[in-house]
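> Sharing a structure here in structure tokens format.
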Amino acid sequence: MRVLGIETSCDETGVAVYDSDRGLLGHRLHSQIDLHAVYGGVVPELASRDHVRKTLPLVSSLLQDIGISKRELDGVAYTSGPGLVGALLVGAAIGRTLAWAWGVPAVGVHHMEGHLLAPMLEADRPSFPFVALLVSGGHTQLVEVKGVGSYRMLGESLDDAAGEAFDKTAKMMGLPYPGGPELARLAQDGDPARFTFPRPMTDRPGLDFSFSGLKTFALNTLQRETNGETESVDDQTRADIARAFEEAVVDTLVIKCRRAVRECGADTLVLAGGVSANRQLQQKMAAAMKREGARVFYPRNEFCTDNGAMIAYAGWQRLRAGQHEPLAFGAMPRWPMDSLAAL
């Protein structure tokens, strides 16, 4: 079975084709970073319009490059949610229309299920059951995974997601958009001994997260060091604050993941979502899970962020189980993942 995947949940247009026998045949990604950089964040209407312009040309280019025709596709998967409603509707409309025109079934995919299953695209892949940390700009969730669609929510962020906190902290420090990766790069030059930030909600039981206060702590530190003149901060101070912030977020995620694998008796942890590409997080999590007798799996960096490959794979899983959408389609900007049907 060959499935075309379309991802348009936010500010990246991704398409891919997954083959059940040969694996991922190819993928394409168009980033809107340059489009939104002037505004310092994603403008939903501009994102939707750019998906309209880019999705079909990307599909055509991909099929031509991998040497297959539309007649050789057996299904179409598109992101139905969660995400920006306008952006989601573009991908859903295009995906459902292509499937109707080609006479193949279509299925709407949960964006975070796509992230959760992204490590399955690798040669060295995890086996069910496992615990997953989904950590991105919009979500920070700990999930017990028994199989595709069999999810139990263990904990999630009560306010800002980890990636959102990275981006907001970077913006208040004057770093360019997108801020999260810029802050992580800056942190490499920081002195880890200069500032110590709190590890929020680690001094109490539970697996929920909160990063809003950590963002405020970073702002207060910046203002204290500059006497309120934050625009005059020197490069080393900026790097030291970035280092302290990154270490606090990473340590918090690691502590909660250690609790989760113990609670579930798991020997496998999956990291997924844009923040899972953070090198400090990967290294510290691997060391912590080794002490717990568990292994860590995560996708290659290009599949940590939004992409069509994860949607094609997740869609293939559901299409082969017999799921498909009627001609009526829609988008779900909010969509609890534990409401999905188990396969």
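Chain labels follow the order of the structure tokens: the first chain is A, the next B, and so on; residue numbering restarts at 1 in every chain, and ligands are counted from 1 in their shown order.
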Using DSSP on the backbone coordinates, identify the residues of stretch 89-328 of chain A assigned to helix (DSSP H, G or I); present them as a ChimeraX atom specification.

/A:89-102,111-121,162-172,179-187,212-226,230-232,235-264,274-277,279-291,301-303,308-320

> Set out as JSON lines a contact list for stretch 178-277 of chain A and stretch 22-46 of chain A with a cut-off of 12 Å, giving each residue of stretch 178-277 of chain A that qualifies its closest atom pair and distance in Å to one decimal, counting only C-alpha atoms, ordered by chain and rising residue number.


{"residue": "A:Pro178", "atom": "CA", "partner": "A:Ile33", "partner_atom": "CA", "distance": 7.1}
{"residue": "A:Gly179", "atom": "CA", "partner": "A:Gly40", "partner_atom": "CA", "distance": 8.8}
{"residue": "A:Gly180", "atom": "CA", "partner": "A:Gly41", "partner_atom": "CA", "distance": 11.6}

> How would the residues just chosen look if you wrote them out with N, CA, C and O atoms as a short mmCIF file (atom, residue, chain, number, x, y, z; two decimals), in the first residue's frame?


data_model
loop_
_atom_site.label_atom_id
_atom_site.label_comp_id
_atom_site.auth_asym_id
_atom_site.auth_seq_id
_atom_site.Cartn_x
_atom_site.Cartn_y
_atom_site.Cartn_z
N PRO A 178 12.82 31.70 14.11
CA PRO A 178 12.17 31.09 15.25
C PRO A 178 13.12 31.00 16.45
O PRO A 178 14.27 30.58 16.31
N GLY A 179 12.64 31.40 17.62
CA GLY A 179 13.52 31.62 18.75
C GLY A 179 14.07 30.38 19.42
O GLY A 179 15.20 30.41 19.92
N GLY A 180 13.30 29.30 19.46
CA GLY A 180 13.74 28.11 20.20
C GLY A 180 15.11 27.59 19.77
O GLY A 180 16.02 27.45 20.60
#

> State, in Å with one decimal place, the distance from atom CA of A:Val131 to atom CA of A:Ala242.

28.7 Å

> May I ask which of the residues A:Pro57, A:Gly265, A:Pro326, A:Pro333 is the closest one to A:Val104, counting only C-alpha atoms?

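Ranked by minimum distance to A:Val104, first place goes to A:Pro326.
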
> Need the shell around A:Ser212: protein/DNA/RNA residues with any atom at most 12 Å away, counting only C-alpha atoms. Skip same-chain ones fewer than 2 positions apart. Format as a CSV table (one decimal) with N, CA and C atoms, in the first residue's frame?


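out_6.csv was written with the following content:
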chain,number,residue,atom,x,y,z
A,157,SER,N,1.3,19.9,29.9
A,157,SER,CA,1.6,21.2,30.4
A,157,SER,C,0.3,21.9,30.8
A,158,LEU,N,0.4,22.6,32.0
A,158,LEU,CA,-0.8,23.3,32.5
A,158,LEU,C,-0.9,24.7,31.9
A,159,ASP,N,0.2,25.1,31.2
A,159,ASP,CA,0.2,26.5,30.6
A,159,ASP,C,1.1,26.4,29.4
A,160,ASP,N,2.2,27.1,29.3
A,160,ASP,CA,3.0,27.1,28.1
A,160,ASP,C,3.6,25.7,27.8
A,161,ALA,N,3.6,25.3,26.6
A,161,ALA,CA,4.4,24.1,26.2
A,161,ALA,C,5.9,24.4,26.3
A,162,ALA,N,6.7,23.4,26.3
A,162,ALA,CA,8.1,23.6,26.4
A,162,ALA,C,8.7,24.4,25.2
A,163,GLY,N,8.2,24.1,24.0
A,163,GLY,CA,8.7,24.8,22.9
A,163,GLY,C,8.2,26.2,22.8
A,164,GLU,N,7.0,26.4,23.3
A,164,GLU,CA,6.4,27.8,23.4
A,164,GLU,C,7.2,28.6,24.3
A,165,ALA,N,7.6,28.0,25.5
A,165,ALA,CA,8.4,28.8,26.5
A,165,ALA,C,9.8,29.1,25.9
A,166,PHE,N,10.4,28.2,25.1
A,166,PHE,CA,11.6,28.5,24.5
A,166,PHE,C,11.5,29.7,23.5
A,167,ASP,N,10.4,29.7,22.7
A,167,ASP,CA,10.3,30.7,21.7
A,167,ASP,C,10.0,32.1,22.4
A,168,LYS,N,9.2,32.1,23.4
A,168,LYS,CA,8.8,33.4,24.1
A,168,LYS,C,10.0,33.9,24.8
A,169,THR,N,10.8,33.0,25.5
A,169,THR,CA,12.0,33.5,26.2
A,169,THR,C,13.0,34.0,25.2
A,198,PRO,N,14.9,27.5,38.6
A,198,PRO,CA,14.1,26.4,39.2
A,198,PRO,C,13.7,25.4,38.2
A,199,ARG,N,13.4,24.2,38.7
A,199,ARG,CA,12.9,23.1,37.9
A,199,ARG,C,11.4,22.9,38.3
A,200,PRO,N,10.5,23.6,37.6
A,200,PRO,CA,9.1,23.7,38.0
A,200,PRO,C,8.4,22.4,38.2
A,201,MET,N,7.6,22.3,39.3
A,201,MET,CA,6.7,21.2,39.6
A,201,MET,C,7.4,19.8,39.7
A,209,PHE,N,3.3,19.4,33.8
A,209,PHE,CA,4.4,20.4,33.6
A,209,PHE,C,3.8,21.8,33.7
A,210,SER,N,4.7,22.7,34.0
A,210,SER,CA,4.4,24.2,33.9
A,210,SER,C,5.7,24.9,33.6
A,214,LEU,N,8.8,29.7,34.6
A,214,LEU,CA,10.2,29.6,34.2
A,214,LEU,C,10.6,30.7,33.3
A,215,LYS,N,9.7,31.0,32.4
A,215,LYS,CA,9.8,32.1,31.4
A,215,LYS,C,9.9,33.4,32.2
A,216,THR,N,9.0,33.6,33.2
A,216,THR,CA,9.0,34.8,34.0
A,216,THR,C,10.3,34.9,34.8
A,217,PHE,N,10.8,33.8,35.3
A,217,PHE,CA,12.1,33.8,36.0
A,217,PHE,C,13.2,34.3,35.1
A,218,ALA,N,13.2,33.9,33.9
A,218,ALA,CA,14.2,34.3,32.9
A,218,ALA,C,14.1,35.8,32.7
A,219,LEU,N,12.9,36.3,32.5
A,219,LEU,CA,12.7,37.8,32.3
A,219,LEU,C,13.2,38.6,33.5
A,245,PHE,N,18.3,28.6,31.3
A,245,PHE,CA,16.9,28.3,30.9
A,245,PHE,C,16.8,26.9,30.3
A,249,VAL,N,14.7,23.6,31.6
A,249,VAL,CA,13.6,22.9,30.9
A,249,VAL,C,14.0,21.4,30.7

> Between A:Thr202, A:Gln282, A:Glu302, A:Thr237, which has the minimum distance to A:Arg224 (counting only C-alpha atoms)?

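Closest candidate: A:Thr237.
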